[in-house]
Amino acid sequence: MLIRPACLEDADAIAEVQVASWHAAYRGLMPDDILRSVTFEARSTRWRSILSVVPPMSRTTVGVRDDRVVAFASVGDSRDGDGMGEVWALYAHPTVWSTGAGRALLVEGIVHLGDRGFDRIILWVLAGNARAIRFYEAAGFRLDGAAKTEDRLPHLRMQRAVRLD
């Protein structure tokens with residue numbers, strides 16, 4: 001899989017991956033009205049906006065197989081203002097789950113945040129998403145006890161050191 005920086009032309013492909021992933025992973029974990037609101041059109045518009053004005057210290061990368069974007073990751077400064085790095089988003093198309101695509105993008109994001117000088121990284125995972133929690137635990141993340149509700153959805157915070165010694 002080729003990993004490269006995302007560009008504006010990737011907005012539709014990223015939206016396709018995100019919508020497919022949300023609908024496969026979150027059914028039963030969130031209210032149907034929220035899941036129905038996650039449409040290709042809405043996500044494509046959002047990604048066009050994000051990719052046209054990227055904050056200078058953030059990074060969105062895509063994983064490409066057979067000339068098709070199959071996964072993406074977005075990392076940057078923690079939105080909690082705690083001086084840590086954050087994995088803002090990491091999604092793989094369900095057709096490539098358990099193939100290493102998400103893991104490769106996660107590792108690339110961790111390296112990028114480490115190169116930026118962060119010692120610790122956080123991410124927020126939807127409460128009840130056992131598959132995602134297992135995935136992140138396998139990568140060294142641990143639930144740290146922090147929780148929040150965002151858009152009516154409960155989230156749990158996970159964190160790890162950039163370098164696991």
# chains A, B, ... in the order shown; residues from 1 in each chain; ligands from 1

call {"tool": "select_by_dssp", "arguments": {"residues": "range 83-164 of chain A", "states": "helix (DSSP H, G or I)", "output": "list in words"}}
result
Pro94, Thr95, Val96, Ala101, Gly102, Arg103, Ala104, Leu105, Leu106, Val107, Glu108, Gly109, Ile110, Val111, His112, Leu113, Gly114, Asp115, Ala130, Arg131, Ala132, Ile133, Arg134, Phe135, Tyr136, Glu137 and Ala138 of chain A

call {"tool": "residues_around", "arguments": {"residues": "Ile3 in chain A", "least_positions_apart": "2", "cutoff": "8 Å", "atoms": "only C-alpha atoms", "output": "list in words"}}
result
Met1, Pro5, Thr61, Val62, Gly63, Val64 and Leu105 of chain A

call {"tool": "write_last_selection", "arguments": {"atoms": "C-alpha atoms", "output": "short mmCIF file (atom, residue, chain, number, x, y, z; two decimals), in the first residue's frame"}}
result
data_model
loop_
_atom_site.label_atom_id
_atom_site.label_comp_id
_atom_site.auth_asym_id
_atom_site.auth_seq_id
_atom_site.Cartn_x
_atom_site.Cartn_y
_atom_site.Cartn_z
CA MET A 1 0.00 0.00 0.00
CA PRO A 5 -0.24 13.10 1.81
CA THR A 61 -2.55 10.91 4.68
CA VAL A 62 -4.21 8.34 2.46
CA GLY A 63 -3.46 4.69 1.87
CA VAL A 64 -3.71 3.73 -1.79
CA LEU A 105 -1.46 4.77 8.52
#

call {"tool": "residues_around", "arguments": {"residues": "Gln159 in chain A", "least_positions_apart": "4", "cutoff": "12 Å", "atoms": "only C-alpha atoms", "output": "number ranges by chain"}}
result
A: 78, 84-87, 110, 119-125, 133, 136-137, 139-146, 163-164

call {"tool": "residues_around", "arguments": {"residues": "Ser98 in chain A", "least_positions_apart": "6", "cutoff": "12 Å", "atoms": "only C-alpha atoms", "output": "number ranges by chain"}}
result
A: 71, 91-92, 104, 131-132, 134-135

call {"tool": "write_last_selection", "arguments": {"atoms": "C-alpha atoms", "output": "PDB file, in the first residue's frame"}}
result
ATOM      1  CA  ALA A  71      -7.889   4.302   4.124  1.00  0.00           C
ATOM      2  CA  TYR A  91     -10.675   5.018   8.891  1.00  0.00           C
ATOM      3  CA  ALA A  92     -10.240   2.119   6.501  1.00  0.00           C
ATOM      4  CA  ALA A 104       0.250   1.373   8.515  1.00  0.00           C
ATOM      5  CA  ARG A 131     -13.178  -3.565  17.595  1.00  0.00           C
ATOM      6  CA  ALA A 132     -11.554  -0.112  17.544  1.00  0.00           C
ATOM      7  CA  ARG A 134      -8.784  -3.698  20.526  1.00  0.00           C
ATOM      8  CA  PHE A 135      -7.105  -2.243  17.414  1.00  0.00           C
TER       9      PHE A 135
END

call {"tool": "residues_around", "arguments": {"residues": "range 19-23 of chain A", "least_positions_apart": "3", "cutoff": "7 Å", "atoms": "only C-alpha atoms", "output": "PyMOL selection string"}}
result
chain A and resi 15-16+26-27+35+38-40+91-94

call {"tool": "write_last_selection", "arguments": {"atoms": "C-alpha atoms", "output": "CSV table (one decimal), in the first residue's frame"}}
result
chain,number,residue,atom,x,y,z
A,15,ALA,CA,-15.6,10.6,2.0
A,16,GLU,CA,-16.4,7.3,0.5
A,26,TYR,CA,-21.2,2.1,14.0
A,27,ARG,CA,-24.5,0.5,13.2
A,35,LEU,CA,-25.8,7.4,11.2
A,38,VAL,CA,-23.3,10.7,7.6
A,39,THR,CA,-23.7,10.9,3.8
A,40,PHE,CA,-21.3,10.9,1.0
A,91,TYR,CA,-10.7,5.0,8.9
A,92,ALA,CA,-10.2,2.1,6.5
A,93,HIS,CA,-12.8,0.9,4.0
A,94,PRO,CA,-14.4,-2.2,5.4

call {"tool": "select_by_dssp", "arguments": {"residues": "chain A", "states": "strand (DSSP E or B)", "output": "compact mmCIF listing (two decimals) with C-alpha atoms, in the first residue's frame"}}
result
# COMPACT_ATOMS: atom_id res chain seq x y z
CA LEU A 2 1.27 3.45 -0.91
CA ILE A 3 0.94 6.08 1.82
CA ARG A 4 0.99 9.69 0.68
CA PRO A 5 -0.24 13.10 1.81
CA ARG A 27 -24.52 0.50 13.24
CA MET A 30 -25.18 5.17 17.64
CA ARG A 59 -1.31 15.97 8.46
CA THR A 60 -3.85 13.93 6.53
CA THR A 61 -2.55 10.91 4.68
CA VAL A 62 -4.21 8.34 2.46
CA GLY A 63 -3.46 4.69 1.87
CA VAL A 64 -3.71 3.73 -1.79
CA ARG A 65 -4.02 0.22 -3.24
CA ARG A 68 -7.78 3.53 -5.04
CA VAL A 69 -7.84 5.30 -1.68
CA VAL A 70 -8.72 2.57 0.83
CA ALA A 71 -7.89 4.30 4.12
CA PHE A 72 -6.97 7.67 5.60
CA ALA A 73 -5.62 9.20 8.78
CA SER A 74 -5.60 12.74 10.09
CA VAL A 75 -3.35 13.82 12.98
CA GLY A 76 -2.34 17.07 14.66
CA ASP A 77 -2.34 18.97 17.93
CA GLY A 85 -0.63 15.06 19.72
CA GLU A 86 -3.91 13.57 18.57
CA VAL A 87 -5.11 11.05 16.05
CA TRP A 88 -8.12 13.03 14.82
CA ALA A 89 -9.41 10.40 12.42
CA LEU A 90 -8.38 6.96 11.19
CA TYR A 91 -10.68 5.02 8.89
CA ALA A 92 -10.24 2.12 6.50
CA ARG A 120 2.27 11.52 24.08
CA ILE A 121 -0.66 10.96 21.74
CA ILE A 122 -4.38 10.75 22.43
CA LEU A 123 -7.41 9.72 20.44
CA TRP A 124 -11.11 9.52 21.15
CA VAL A 125 -13.02 6.32 20.40
CA LEU A 126 -16.77 5.78 20.39
CA ARG A 142 -4.67 2.48 26.69
CA LEU A 143 -7.96 3.86 27.97
CA ASP A 144 -7.02 6.63 30.41
CA GLY A 145 -10.36 7.15 32.15
CA ALA A 146 -11.31 10.39 30.38
CA ALA A 147 -14.73 10.50 28.72
CA LYS A 148 -16.87 13.05 26.93
CA THR A 149 -20.11 13.30 25.03
CA GLU A 150 -19.95 14.90 21.61
CA LEU A 153 -22.33 10.24 21.46
CA PRO A 154 -20.18 9.00 24.36
CA HIS A 155 -16.45 8.85 23.66
CA LEU A 156 -13.56 7.39 25.63
CA ARG A 157 -10.03 8.73 25.48
CA MET A 158 -7.04 6.53 24.81
CA GLN A 159 -3.40 7.54 24.94
CA ARG A 160 0.11 6.23 24.56
CA ALA A 161 3.68 7.42 24.52

call {"tool": "closest_residue", "arguments": {"among": "A:Thr99, A:Ser44, A:Ser58, A:Ser52", "to": "Ile14 in chain A", "atoms": "only C-alpha atoms"}}
result
A:Ser44
